[in-house]
>>> print(open('protein11.txt').read())   # compact mmCIF, C-alpha atoms
# COMPACT_ATOMS: atom_id res chain seq x y z
CA MET A 1 -18.52 -105.92 85.74
CA LYS A 2 -15.26 -107.82 86.25
CA PRO A 3 -12.25 -105.88 85.01
CA LYS A 4 -10.07 -108.36 83.18
CA SER A 5 -6.92 -106.43 82.69
CA LYS A 6 -5.80 -103.08 83.96
CA ASN A 7 -2.69 -102.83 81.87
CA ILE A 8 -4.05 -102.43 78.41
CA PHE A 9 -3.98 -98.65 78.48
CA TRP A 10 -1.12 -96.51 77.45
CA GLU A 11 0.47 -95.55 80.73
CA HIS A 12 0.78 -91.84 80.23
CA GLY A 13 -2.87 -90.89 80.20
CA GLU A 14 -4.50 -88.84 77.51
CA VAL A 15 -2.75 -88.54 74.19
CA GLY A 16 -1.95 -84.98 73.18
CA ARG A 17 -0.40 -83.24 70.25
CA ILE A 18 3.13 -83.41 71.60
CA ASP A 19 2.79 -87.16 72.07
CA ARG A 20 1.70 -87.59 68.47
CA GLU A 21 4.51 -85.36 67.30
CA ARG A 22 7.04 -87.41 69.23
CA THR A 23 5.79 -90.59 67.65
CA ASN A 24 5.90 -89.01 64.21
CA GLY A 25 9.29 -87.40 64.85
CA GLN A 26 8.11 -84.07 63.49
CA ARG A 27 6.01 -81.02 64.24
CA GLY A 28 2.43 -80.61 63.22
CA ALA A 29 2.08 -77.63 60.88
CA THR A 30 0.12 -76.20 58.00
CA ILE A 31 1.88 -75.28 54.79
CA TRP A 32 -0.49 -72.92 53.03
CA PHE A 33 0.30 -72.49 49.34
CA THR A 34 -1.30 -69.44 47.80
CA GLY A 35 -0.97 -68.17 44.25
CA LEU A 36 -2.59 -67.79 40.85
CA SER A 37 -4.18 -70.63 38.98
CA GLY A 38 -1.36 -72.33 37.09
CA SER A 39 1.36 -71.03 39.42
CA GLY A 40 2.20 -74.57 40.46
CA LYS A 41 0.58 -74.93 43.88
CA SER A 42 -0.80 -78.43 43.35
CA THR A 43 2.32 -79.69 41.65
CA LEU A 44 4.50 -78.34 44.45
CA ALA A 45 2.14 -79.78 47.04
CA ARG A 46 2.33 -83.25 45.52
CA GLN A 47 6.08 -83.12 45.11
CA LEU A 48 6.56 -81.90 48.65
CA GLU A 49 4.29 -84.64 49.97
CA SER A 50 6.30 -87.17 48.02
CA VAL A 51 9.63 -86.00 49.40
CA LEU A 52 8.30 -85.79 52.96
CA PHE A 53 6.84 -89.27 52.66
CA GLY A 54 10.13 -90.62 51.38
CA ARG A 55 11.78 -89.24 54.49
CA GLY A 56 9.23 -90.81 56.79
CA PHE A 57 7.26 -87.67 57.66
CA ARG A 58 3.46 -87.52 57.78
CA SER A 59 1.72 -85.03 55.58
CA TYR A 60 -1.67 -84.73 53.94
CA ILE A 61 -2.81 -82.56 51.05
CA LEU A 62 -6.04 -80.60 51.14
CA ASP A 63 -6.96 -79.39 47.67
CA GLY A 64 -9.88 -78.90 45.36
CA ASP A 65 -10.12 -82.60 44.65
CA ASN A 66 -10.84 -83.73 48.17
CA VAL A 67 -12.43 -80.60 49.63
CA ARG A 68 -14.55 -78.86 47.02
CA HIS A 69 -16.46 -82.05 46.23
CA GLY A 70 -16.61 -83.15 49.83
CA LEU A 71 -16.62 -80.91 52.88
CA ASN A 72 -17.33 -77.76 50.88
CA ARG A 73 -19.68 -79.12 48.26
CA ASP A 74 -22.44 -76.88 49.58
CA LEU A 75 -20.46 -73.72 48.86
CA GLY A 76 -20.58 -71.63 45.71
CA PHE A 77 -18.44 -68.73 44.60
CA SER A 78 -20.08 -65.75 46.25
CA PRO A 79 -17.75 -63.64 48.40
CA GLU A 80 -19.27 -65.13 51.56
CA ASP A 81 -18.92 -68.67 50.26
CA ARG A 82 -15.33 -68.11 49.20
CA THR A 83 -14.48 -66.89 52.67
CA GLU A 84 -16.31 -69.79 54.28
CA ASN A 85 -14.48 -72.17 51.93
CA ILE A 86 -11.13 -70.91 53.19
CA ARG A 87 -12.27 -70.83 56.81
CA ARG A 88 -13.29 -74.49 56.76
CA ILE A 89 -10.10 -75.52 55.03
CA GLY A 90 -8.20 -73.64 57.71
CA GLU A 91 -10.12 -75.41 60.45
CA VAL A 92 -9.45 -78.82 58.93
CA ALA A 93 -5.78 -77.95 58.47
CA ARG A 94 -5.74 -77.03 62.14
CA LEU A 95 -7.07 -80.46 63.06
CA PHE A 96 -4.40 -82.18 60.94
CA THR A 97 -1.80 -79.95 62.56
CA ASP A 98 -3.06 -80.92 65.99
CA ALA A 99 -2.85 -84.55 64.86
CA GLY A 100 0.90 -84.04 64.44
CA THR A 101 0.68 -84.05 60.66
CA ILE A 102 1.89 -81.50 58.12
CA ALA A 103 -1.23 -80.31 56.33
CA ILE A 104 -0.43 -79.01 52.86
CA THR A 105 -3.13 -76.86 51.30
CA ALA A 106 -3.26 -75.85 47.65
CA PHE A 107 -5.90 -73.19 47.02
CA ILE A 108 -5.64 -69.88 45.18
CA SER A 109 -6.89 -68.15 48.35
CA PRO A 110 -6.53 -64.71 46.76
CA TYR A 111 -7.64 -62.55 49.69
CA ARG A 112 -5.25 -61.42 52.40
CA ALA A 113 -8.05 -61.18 54.96
CA ASP A 114 -8.99 -64.83 54.42
CA ARG A 115 -5.42 -66.05 54.75
CA ASP A 116 -4.91 -63.91 57.84
CA MET A 117 -8.09 -65.34 59.33
CA VAL A 118 -6.62 -68.82 58.97
CA ARG A 119 -3.32 -67.67 60.42
CA ALA A 120 -5.21 -66.29 63.40
CA LEU A 121 -6.82 -69.72 63.99
CA MET A 122 -3.44 -71.26 64.53
CA ARG A 123 -0.69 -71.13 67.07
CA LYS A 124 2.40 -69.11 66.19
CA GLY A 125 4.63 -71.19 63.97
CA ASP A 126 1.86 -73.58 62.96
CA PHE A 127 0.93 -71.63 59.85
CA ILE A 128 3.46 -71.37 57.06
CA GLU A 129 2.21 -69.14 54.27
CA VAL A 130 3.99 -69.91 51.02
CA PHE A 131 3.46 -67.49 48.17
CA VAL A 132 3.77 -69.49 44.97
CA ASP A 133 4.79 -66.58 42.81
CA CYS A 134 4.65 -66.82 39.04
CA ALA A 135 4.12 -64.19 36.38
CA LEU A 136 0.55 -64.09 35.12
CA GLU A 137 1.76 -64.57 31.52
CA ILE A 138 3.49 -67.80 32.48
CA CYS A 139 0.48 -69.06 34.41
CA GLU A 140 -1.72 -68.18 31.46
CA SER A 141 0.58 -69.91 28.99
CA ARG A 142 0.51 -73.08 31.11
CA ASP A 143 -3.29 -72.98 31.53
CA PRO A 144 -3.49 -76.72 32.32
CA LYS A 145 -7.26 -76.74 32.64
CA GLY A 146 -8.01 -74.16 29.94
CA LEU A 147 -9.41 -71.83 32.58
CA TYR A 148 -7.61 -68.69 31.48
CA LYS A 149 -8.93 -69.14 27.98
CA LYS A 150 -12.45 -69.28 29.34
CA ALA A 151 -11.79 -66.35 31.64
CA ARG A 152 -10.53 -64.23 28.73
CA ALA A 153 -13.59 -65.22 26.75
CA GLY A 154 -15.72 -64.12 29.69
CA THR A 155 -17.16 -67.58 30.23
CA ILE A 156 -15.79 -67.67 33.77
CA PRO A 157 -16.62 -64.47 35.64
CA GLU A 158 -14.42 -63.13 38.42
CA PHE A 159 -11.39 -65.18 37.58
CA THR A 160 -8.40 -64.43 39.80
CA GLY A 161 -5.72 -62.48 37.96
CA ILE A 162 -8.00 -61.65 35.01
CA SER A 163 -11.23 -60.25 36.30
CA ALA A 164 -10.77 -60.58 40.06
CA PRO A 165 -7.85 -59.48 42.23
CA TYR A 166 -5.07 -61.54 43.70
CA GLU A 167 -3.76 -59.90 46.84
CA VAL A 168 -0.06 -60.59 47.06
CA PRO A 169 1.05 -61.81 50.51
CA LEU A 170 2.90 -59.12 52.45
CA SER A 171 4.47 -61.30 55.08
CA ALA A 172 4.55 -64.83 53.75
CA GLU A 173 7.00 -67.12 55.48
CA LEU A 174 8.32 -68.13 52.09
CA VAL A 175 8.12 -67.01 48.48
CA ILE A 176 8.66 -69.63 45.81
CA ARG A 177 9.14 -68.33 42.27
CA THR A 178 8.11 -71.22 40.08
CA ASP A 179 8.87 -69.16 36.97
CA GLU A 180 12.50 -68.73 37.99
CA MET A 181 13.38 -71.92 39.82
CA SER A 182 13.30 -75.54 38.79
CA PRO A 183 10.91 -77.87 40.64
CA ALA A 184 13.85 -79.42 42.47
CA GLU A 185 15.06 -75.99 43.59
CA CYS A 186 11.57 -75.07 44.81
CA ILE A 187 11.38 -78.24 46.86
CA GLU A 188 14.84 -77.73 48.29
CA ARG A 189 13.85 -74.23 49.35
CA LEU A 190 10.79 -75.62 51.12
CA LEU A 191 12.71 -78.43 52.81
CA ASN A 192 15.36 -76.03 53.91
CA TYR A 193 12.76 -73.78 55.51
CA LEU A 194 11.16 -76.68 57.35
CA GLU A 195 14.48 -78.05 58.52
CA THR A 196 15.95 -74.72 59.58
CA ASN A 197 12.84 -73.84 61.55
CA GLY A 198 12.65 -77.08 63.45
CA TYR A 199 9.64 -78.72 61.80
CA PHE A 200 11.46 -82.01 61.42
CA SER A 201 11.51 -82.57 65.14
CA PRO A 202 8.64 -82.42 67.64
CA THR A 203 7.61 -79.15 69.21
CA SER A 204 9.84 -78.53 72.18
CA ASP A 205 8.13 -75.55 73.76
CA LEU A 206 4.82 -77.25 74.47
CA PRO A 207 3.95 -78.99 77.69
CA ALA A 208 3.23 -82.70 77.22
CA SER A 209 -0.34 -83.71 76.46
CA VAL A 210 -1.63 -80.27 75.54
CA MET B 211 16.64 -73.09 35.67
CA LYS B 212 19.43 -75.53 36.53
CA PRO B 213 18.14 -78.64 38.20
CA LYS B 214 20.49 -79.38 41.07
CA SER B 215 19.45 -82.80 42.10
CA LYS B 216 17.04 -85.22 40.53
CA ASN B 217 17.06 -87.70 43.35
CA ILE B 218 15.32 -85.86 46.09
CA PHE B 219 11.86 -87.20 45.25
CA TRP B 220 10.35 -90.34 46.63
CA GLU B 221 10.81 -92.79 43.81
CA HIS B 222 7.33 -94.19 43.62
CA GLY B 223 5.49 -91.13 42.41
CA GLU B 224 2.40 -89.73 44.02
CA VAL B 225 1.63 -90.76 47.56
CA GLY B 226 -1.71 -92.46 48.00
CA ARG B 227 -3.76 -93.84 50.82
CA ILE B 228 -2.30 -97.32 50.60
CA ASP B 229 1.20 -95.88 50.84
CA ARG B 230 0.30 -93.98 53.98
CA GLU B 231 -1.36 -97.07 55.41
CA ARG B 232 1.75 -99.12 54.77
CA THR B 233 3.92 -96.60 56.55
CA ASN B 234 1.51 -96.51 59.46
CA GLY B 235 1.09 -100.28 59.51
CA GLN B 236 -2.68 -100.00 59.74
CA ARG B 237 -5.83 -99.22 57.80
CA GLY B 238 -7.44 -95.86 57.65
CA ALA B 239 -10.94 -96.02 59.12
CA THR B 240 -13.59 -94.08 60.97
CA ILE B 241 -14.90 -95.34 64.27
CA TRP B 242 -18.19 -93.58 64.75
CA PHE B 243 -19.42 -93.67 68.34
CA THR B 244 -23.10 -92.86 68.69
CA GLY B 245 -25.21 -92.85 71.83
CA LEU B 246 -26.93 -90.77 74.47
CA SER B 247 -25.26 -87.99 76.36
CA GLY B 248 -23.49 -89.64 79.29
CA SER B 249 -23.33 -93.04 77.60
CA GLY B 250 -19.54 -92.91 77.62
CA LYS B 251 -18.66 -91.98 74.02
CA SER B 252 -15.96 -89.46 74.86
CA THR B 253 -14.45 -91.58 77.60
CA LEU B 254 -14.34 -94.61 75.32
CA ALA B 255 -12.88 -92.50 72.53
CA ARG B 256 -10.07 -91.22 74.72
CA GLN B 257 -9.33 -94.65 76.15
CA LEU B 258 -9.31 -96.22 72.72
CA GLU B 259 -7.01 -93.50 71.42
CA SER B 260 -4.69 -94.11 74.33
CA VAL B 261 -4.51 -97.85 73.74
CA LEU B 262 -4.04 -97.44 70.00
CA PHE B 263 -1.31 -94.88 70.59
CA GLY B 264 0.44 -97.21 73.00
CA ARG B 265 0.49 -99.83 70.27
CA GLY B 266 1.92 -97.44 67.72
CA PHE B 267 -1.25 -96.83 65.69
CA ARG B 268 -2.34 -93.40 64.46
CA SER B 269 -5.73 -92.16 65.51
CA TYR B 270 -7.36 -88.80 66.02
CA ILE B 271 -10.49 -87.87 67.94
CA LEU B 272 -13.12 -85.55 66.54
CA ASP B 273 -15.46 -84.37 69.26
CA GLY B 274 -17.35 -81.36 70.49
CA ASP B 275 -14.20 -79.78 71.86
CA ASN B 276 -12.34 -79.48 68.60
CA VAL B 277 -15.24 -79.34 66.12
CA ARG B 278 -18.13 -77.40 67.62
CA HIS B 279 -15.91 -74.44 68.47
CA GLY B 280 -13.91 -74.70 65.27
CA LEU B 281 -15.12 -76.04 61.96
CA ASN B 282 -18.77 -76.02 62.98
CA ARG B 283 -18.88 -72.86 65.04
CA ASP B 284 -21.30 -71.33 62.55
CA LEU B 285 -23.89 -74.03 63.14
CA GLY B 286 -26.74 -73.95 65.61
CA PHE B 287 -29.18 -76.63 66.67
CA SER B 288 -31.89 -76.42 64.05
CA PRO B 289 -32.62 -79.71 62.25
CA GLU B 290 -30.73 -78.48 59.17
CA ASP B 291 -27.76 -77.38 61.22
CA ARG B 292 -27.62 -80.66 63.12
CA THR B 293 -27.54 -82.57 59.86
CA GLU B 294 -24.89 -80.26 58.44
CA ASN B 295 -22.89 -80.68 61.65
CA ILE B 296 -22.81 -84.45 61.17
CA ARG B 297 -22.15 -84.17 57.44
CA ARG B 298 -19.06 -82.02 57.96
CA ILE B 299 -17.76 -84.27 60.70
CA GLY B 300 -18.24 -87.19 58.34
CA GLU B 301 -16.32 -85.41 55.58
CA VAL B 302 -13.44 -84.59 57.92
CA ALA B 303 -13.41 -88.17 59.21
CA ARG B 304 -13.21 -89.27 55.59
CA LEU B 305 -10.12 -87.11 55.07
CA PHE B 306 -8.44 -88.57 58.17
CA THR B 307 -9.35 -92.04 56.94
CA ASP B 308 -7.81 -91.27 53.57
CA ALA B 309 -4.74 -90.04 55.44
CA GLY B 310 -4.33 -93.57 56.79
CA THR B 311 -5.47 -92.58 60.27
CA ILE B 312 -8.21 -94.00 62.46
CA ALA B 313 -10.66 -91.16 62.99
CA ILE B 314 -12.63 -91.59 66.19
CA THR B 315 -15.77 -89.49 66.44
CA ALA B 316 -17.76 -88.93 69.60
CA PHE B 317 -21.07 -87.24 68.89
CA ILE B 318 -24.58 -88.18 69.99
CA SER B 319 -25.61 -88.26 66.31
CA PRO B 320 -29.14 -89.37 67.19
CA TYR B 321 -30.58 -89.68 63.69
CA ARG B 322 -30.21 -92.80 61.58
CA ALA B 323 -30.46 -90.83 58.36
CA ASP B 324 -27.50 -88.66 59.35
CA ARG B 325 -25.33 -91.62 60.32
CA ASP B 326 -26.30 -93.42 57.13
CA MET B 327 -25.39 -90.34 55.13
CA VAL B 328 -21.89 -90.48 56.60
CA ARG B 329 -21.67 -94.20 55.95
CA ALA B 330 -22.59 -93.51 52.33
CA LEU B 331 -19.70 -91.04 52.03
CA MET B 332 -17.24 -93.77 52.81
CA ARG B 333 -15.91 -96.87 51.19
CA LYS B 334 -17.19 -100.19 52.47
CA GLY B 335 -15.32 -101.12 55.61
CA ASP B 336 -14.13 -97.58 56.27
CA PHE B 337 -17.07 -96.73 58.50
CA ILE B 338 -17.45 -98.57 61.78
CA GLU B 339 -20.60 -97.56 63.57
CA VAL B 340 -20.37 -98.26 67.28
CA PHE B 341 -23.54 -97.97 69.29
CA VAL B 342 -22.53 -96.95 72.79
CA ASP B 343 -25.55 -98.38 74.50
CA CYS B 344 -26.44 -97.39 78.02
CA ALA B 345 -29.76 -97.21 79.83
CA LEU B 346 -31.13 -93.68 79.99
CA GLU B 347 -31.41 -93.89 83.80
CA ILE B 348 -27.71 -94.64 84.05
CA CYS B 349 -26.78 -91.83 81.66
CA GLU B 350 -28.99 -89.48 83.60
CA SER B 351 -27.51 -90.53 86.91
CA ARG B 352 -24.00 -89.87 85.57
CA ASP B 353 -24.96 -86.49 84.09
CA PRO B 354 -21.35 -85.24 84.07
CA LYS B 355 -22.24 -81.83 82.70
CA GLY B 356 -25.57 -81.41 84.46
CA LEU B 357 -27.34 -81.43 81.12
CA TYR B 358 -30.07 -83.90 82.02
CA LYS B 359 -31.00 -81.80 84.99
CA LYS B 360 -31.40 -78.78 82.74
CA ALA B 361 -33.28 -80.83 80.17
CA ARG B 362 -35.73 -82.08 82.80
CA ALA B 363 -36.17 -78.52 83.98
CA GLY B 364 -36.95 -77.52 80.41
CA THR B 365 -33.96 -75.18 80.22
CA ILE B 366 -32.51 -77.16 77.32
CA PRO B 367 -35.14 -77.83 74.67
CA GLU B 368 -35.02 -80.87 72.41
CA PHE B 369 -32.57 -82.83 74.49
CA THR B 370 -31.85 -86.29 73.11
CA GLY B 371 -33.46 -89.03 75.20
CA ILE B 372 -35.65 -86.57 77.13
CA SER B 373 -37.44 -84.31 74.71
CA ALA B 374 -35.93 -85.42 71.40
CA PRO B 375 -35.59 -88.92 69.98
CA TYR B 376 -32.54 -91.12 69.81
CA GLU B 377 -32.82 -93.52 66.90
CA VAL B 378 -31.13 -96.75 67.90
CA PRO B 379 -28.76 -98.10 65.24
CA LEU B 380 -30.20 -101.08 63.39
CA SER B 381 -27.01 -102.35 61.83
CA ALA B 382 -24.12 -101.01 63.84
CA GLU B 383 -20.87 -102.87 63.39
CA LEU B 384 -20.55 -103.05 67.15
CA VAL B 385 -22.67 -102.50 70.24
CA ILE B 386 -20.87 -101.58 73.44
CA ARG B 387 -22.93 -101.70 76.61
CA THR B 388 -21.17 -99.36 78.95
CA ASP B 389 -23.74 -100.09 81.65
CA GLU B 390 -22.91 -103.79 81.64
CA MET B 391 -19.22 -103.93 80.83
CA SER B 392 -16.19 -102.48 82.53
CA PRO B 393 -14.15 -99.88 80.60
CA ALA B 394 -11.42 -102.47 80.05
CA GLU B 395 -13.94 -104.92 78.62
CA CYS B 396 -15.37 -102.26 76.32
CA ILE B 397 -11.92 -101.48 74.99
CA GLU B 398 -11.08 -105.14 74.54
CA ARG B 399 -14.25 -105.58 72.54
CA LEU B 400 -13.28 -102.69 70.30
CA LEU B 401 -9.71 -103.87 69.84
CA ASN B 402 -10.91 -107.34 69.07
CA TYR B 403 -13.21 -106.02 66.36
CA LEU B 404 -10.43 -103.97 64.80
CA GLU B 405 -7.96 -106.82 64.93
CA THR B 406 -10.34 -109.48 63.65
CA ASN B 407 -11.40 -107.31 60.76
CA GLY B 408 -7.93 -106.46 59.60
CA TYR B 409 -7.68 -102.82 60.64
CA PHE B 410 -4.28 -103.35 62.20
CA SER B 411 -2.69 -103.97 58.84
CA PRO B 412 -2.85 -101.90 55.65
CA THR B 413 -5.70 -102.34 53.20
CA SER B 414 -4.81 -105.20 50.92
CA ASP B 415 -7.57 -104.93 48.34
CA LEU B 416 -6.73 -101.47 47.07
CA PRO B 417 -4.47 -100.73 44.17
CA ALA B 418 -1.37 -98.78 45.17
CA SER B 419 -1.56 -94.99 45.14
CA VAL B 420 -5.33 -94.71 44.95
>>> encode(input="protein11.txt", output="structure tokens")
Amino acid sequence: MKPKSKNIFWEHGEVGRIDRERTNGQRGATIWFTGLSGSGKSTLARQLESVLFGRGFRSYILDGDNVRHGLNRDLGFSPEDRTENIRRIGEVARLFTDAGTIAITAFISPYRADRDMVRALMRKGDFIEVFVDCALEICESRDPKGLYKKARAGTIPEFTGISAPYEVPLSAELVIRTDEMSPAECIERLLNYLETNGYFSPTSDLPASV
Amino acid sequence: MKPKSKNIFWEHGEVGRIDRERTNGQRGATIWFTGLSGSGKSTLARQLESVLFGRGFRSYILDGDNVRHGLNRDLGFSPEDRTENIRRIGEVARLFTDAGTIAITAFISPYRADRDMVRALMRKGDFIEVFVDCALEICESRDPKGLYKKARAGTIPEFTGISAPYEVPLSAELVIRTDEMSPAECIERLLNYLETNGYFSPTSDLPASV
């Protein structure tokens, strides 16, 4: 019971979000891409991550690859499960945001109510809804995974845009038209939004260690 | 469709775990504290986070505060729900680990099978099970939330250590006796483990961008 050293602790007590943000030189936030299959969400997410990384910012992508086969592997495609899928992703994004990281999510997330539920989980300014807008015909012509073909053939039931609705965002922070802009222009638009709105410096209106 | 600038992307392509680790100057990992209520898991977690932060390392705590009322708010205390609670925490810890962060979890997690399930989710070396060992009498005498009192009174059913089992880890990476060591000694033990085992530098045996 002999304390060896009393000076090994960080001097400022508990570490909070603002402390992590200061170290990272950025705000924590969630960039929520929503749009049709093939609209370019995943591509944009990876390119944005790459640019942010090159500039020294911390971000992390949540997408089908690391969520559907992991955290949400127990969920199917019933309406309840789809909502729960989005809810959990939102909660994890919230944790990454609190960690002072920019969480980038890339899910179709077709329902307004689900996206609004996630928005409601977060603090004002933490949730950046980005509508990745692209004409259905273009998405269908890209069809990188052959999903539209299957949907048209009826092999995949309730496919967003074909046999299930996509509810267009009414108040997204940003709309990115991947069928009208080049990838570089899309990324510049995103970076400009983040820069203009102060995401590249720590939150200033939060008390320390909260 | 006129590309403005081709040089805004990070030059090395997709960002992977090893890239994030290099930027952070550390390994991603999960430090999984397990032990009785009152054994000191949360205190240790916060102190460890503080020390790591002071040294410039990235860590993030997952505990009851940010998980039970968020991601896992739909779960109760049935055996299935307890297992699902730990599974989800494990999956989230895996994401933070992949993000190049040290996830620190502080949950009783009394069942060996549940902890082993989480271990099995992770790559070798990513999961550091830390048994926070403390005599039940000491835990009960601390009783910071008055839970033992309620458990003894029968108000809380199936309380770990009183009316439900705690399965002692058989092959934990580290055992920390909070009833025999000072907080500073506990932290030194943890830091020593991390340092000795290479967690304070990026993973070297992984291919880039994987």
>>> residues_around(input="protein11.txt", residues="segment 152-168 of chain A", least_positions_apart="2", cutoff="12 Å", atoms="only C-alpha atoms", output="ChimeraX atom specification")
/A:34-39,77-79,82,107-116,129-140,143,146-150,170-172,175
>>> residues_around(input="protein11.txt", residues="segment 232-241 of chain B", least_positions_apart="2", cutoff="6 Å", atoms="all atoms listed in the file", output="PDB file with C-alpha atoms, in the coordinates of the input")
ATOM      1  CA  ASP B 229       1.200 -95.880  50.840  1.00  0.00           C
ATOM      2  CA  ARG B 230       0.300 -93.980  53.980  1.00  0.00           C
ATOM      3  CA  THR B 307      -9.350 -92.040  56.940  1.00  0.00           C
ATOM      4  CA  GLY B 310      -4.330 -93.570  56.790  1.00  0.00           C
ATOM      5  CA  THR B 311      -5.470 -92.580  60.270  1.00  0.00           C
ATOM      6  CA  ILE B 312      -8.210 -94.000  62.460  1.00  0.00           C
ATOM      7  CA  ALA B 313     -10.660 -91.160  62.990  1.00  0.00           C
ATOM      8  CA  ILE B 314     -12.630 -91.590  66.190  1.00  0.00           C
ATOM      9  CA  ASP B 336     -14.130 -97.580  56.270  1.00  0.00           C
ATOM     10  CA  PHE B 337     -17.070 -96.730  58.500  1.00  0.00           C
ATOM     11  CA  ILE B 338     -17.450 -98.570  61.780  1.00  0.00           C
ATOM     12  CA  TYR B 409      -7.680-102.820  60.640  1.00  0.00           C
ATOM     13  CA  PHE B 410      -4.280-103.350  62.200  1.00  0.00           C
ATOM     14  CA  SER B 411      -2.690-103.970  58.840  1.00  0.00           C
ATOM     15  CA  PRO B 412      -2.850-101.900  55.650  1.00  0.00           C
ATOM     16  CA  THR B 413      -5.700-102.340  53.200  1.00  0.00           C
TER      17      THR B 413
END
>>> atom_distance(input="protein11.txt", atom1="atom CA of Gly13 of chain A", atom2="atom CA of Arg58 of chain A")
23.5 Å
>>> atom_distance(input="protein11.txt", atom1="atom CA of Ala106 of chain A", atom2="atom CA of Phe33 of chain A")
5.2 Å
>>> closest_residue(input="protein11.txt", among="A:Arg189, A:Arg73, A:Arg68, A:Arg46", to="chain B", atoms="all atoms listed in the file")
A:Arg46
>>> closest_residue(input="protein11.txt", among="B:Glu259, B:Glu383, B:Asp308, B:Glu390", to="Leu62 of chain A", atoms="all atoms listed in the file")
B:Asp308
>>> atom_distance(input="protein11.txt", atom1="atom CA of Val261 of chain B", atom2="atom CA of Ala394 of chain B")
10.4 Å
>>> closest_residue(input="protein11.txt", among="A:Val15, A:Leu190, A:Val118, A:Val92", to="Leu262 of chain B", atoms="only C-alpha atoms")
A:Val15
>>> closest_residue(input="protein11.txt", among="B:Leu258, B:Leu285, B:Ala330, B:Ala361", to="chain A", atoms="all atoms listed in the file")
B:Leu258
>>> closest_residue(input="protein11.txt", among="B:Pro379, B:Gly264, B:Gly286, B:Gly250", to="Met391 of chain B", atoms="all atoms listed in the file")
B:Gly250
>>> closest_residue(input="protein11.txt", among="B:Thr253, B:Ser351, B:Thr293, B:Thr315", to="Gly274 of chain B", atoms="all atoms listed in the file")
B:Thr315
>>> build_atoms(input="protein11.txt", residues="segment 233-244 of chain B", atoms="N, CA and C atoms", output="mmCIF file, in the frame of the given file")
data_model
loop_
_atom_site.group_PDB
_atom_site.id
_atom_site.type_symbol
_atom_site.label_atom_id
_atom_site.label_comp_id
_atom_site.auth_asym_id
_atom_site.auth_seq_id
_atom_site.Cartn_x
_atom_site.Cartn_y
_atom_site.Cartn_z
ATOM 1 N N THR B 233 2.988 -97.245 55.616
ATOM 2 C CA THR B 233 3.920 -96.600 56.550
ATOM 3 C C THR B 233 3.403 -96.677 57.983
ATOM 4 N N ASN B 234 2.088 -96.483 58.121
ATOM 5 C CA ASN B 234 1.510 -96.510 59.460
ATOM 6 C C ASN B 234 1.274 -97.927 59.980
ATOM 7 N N GLY B 235 1.330 -98.890 59.100
ATOM 8 C CA GLY B 235 1.090 -100.280 59.510
ATOM 9 C C GLY B 235 -0.327 -100.527 59.982
ATOM 10 N N GLN B 236 -1.278 -99.895 59.318
ATOM 11 C CA GLN B 236 -2.680 -100.000 59.740
ATOM 12 C C GLN B 236 -3.574 -99.585 58.587
ATOM 13 N N ARG B 237 -4.865 -99.769 58.753
ATOM 14 C CA ARG B 237 -5.830 -99.220 57.800
ATOM 15 C C ARG B 237 -6.297 -97.853 58.254
ATOM 16 N N GLY B 238 -6.666 -97.032 57.309
ATOM 17 C CA GLY B 238 -7.440 -95.860 57.650
ATOM 18 C C GLY B 238 -8.873 -96.302 57.901
ATOM 19 N N ALA B 239 -9.553 -95.664 58.840
ATOM 20 C CA ALA B 239 -10.940 -96.020 59.120
ATOM 21 C C ALA B 239 -11.579 -94.933 59.986
ATOM 22 N N THR B 240 -12.867 -94.990 60.081
ATOM 23 C CA THR B 240 -13.590 -94.080 60.970
ATOM 24 C C THR B 240 -14.396 -94.904 61.965
ATOM 25 N N ILE B 241 -14.119 -94.691 63.220
ATOM 26 C CA ILE B 241 -14.900 -95.340 64.270
ATOM 27 C C ILE B 241 -15.892 -94.316 64.780
ATOM 28 N N TRP B 242 -17.148 -94.566 64.472
ATOM 29 C CA TRP B 242 -18.190 -93.580 64.750
ATOM 30 C C TRP B 242 -18.991 -93.995 65.977
ATOM 31 N N PHE B 243 -18.657 -93.396 67.122
ATOM 32 C CA PHE B 243 -19.420 -93.670 68.340
ATOM 33 C C PHE B 243 -20.724 -92.883 68.288
ATOM 34 N N THR B 244 -21.811 -93.549 68.594
ATOM 35 C CA THR B 244 -23.100 -92.860 68.690
ATOM 36 C C THR B 244 -23.811 -93.361 69.947
#
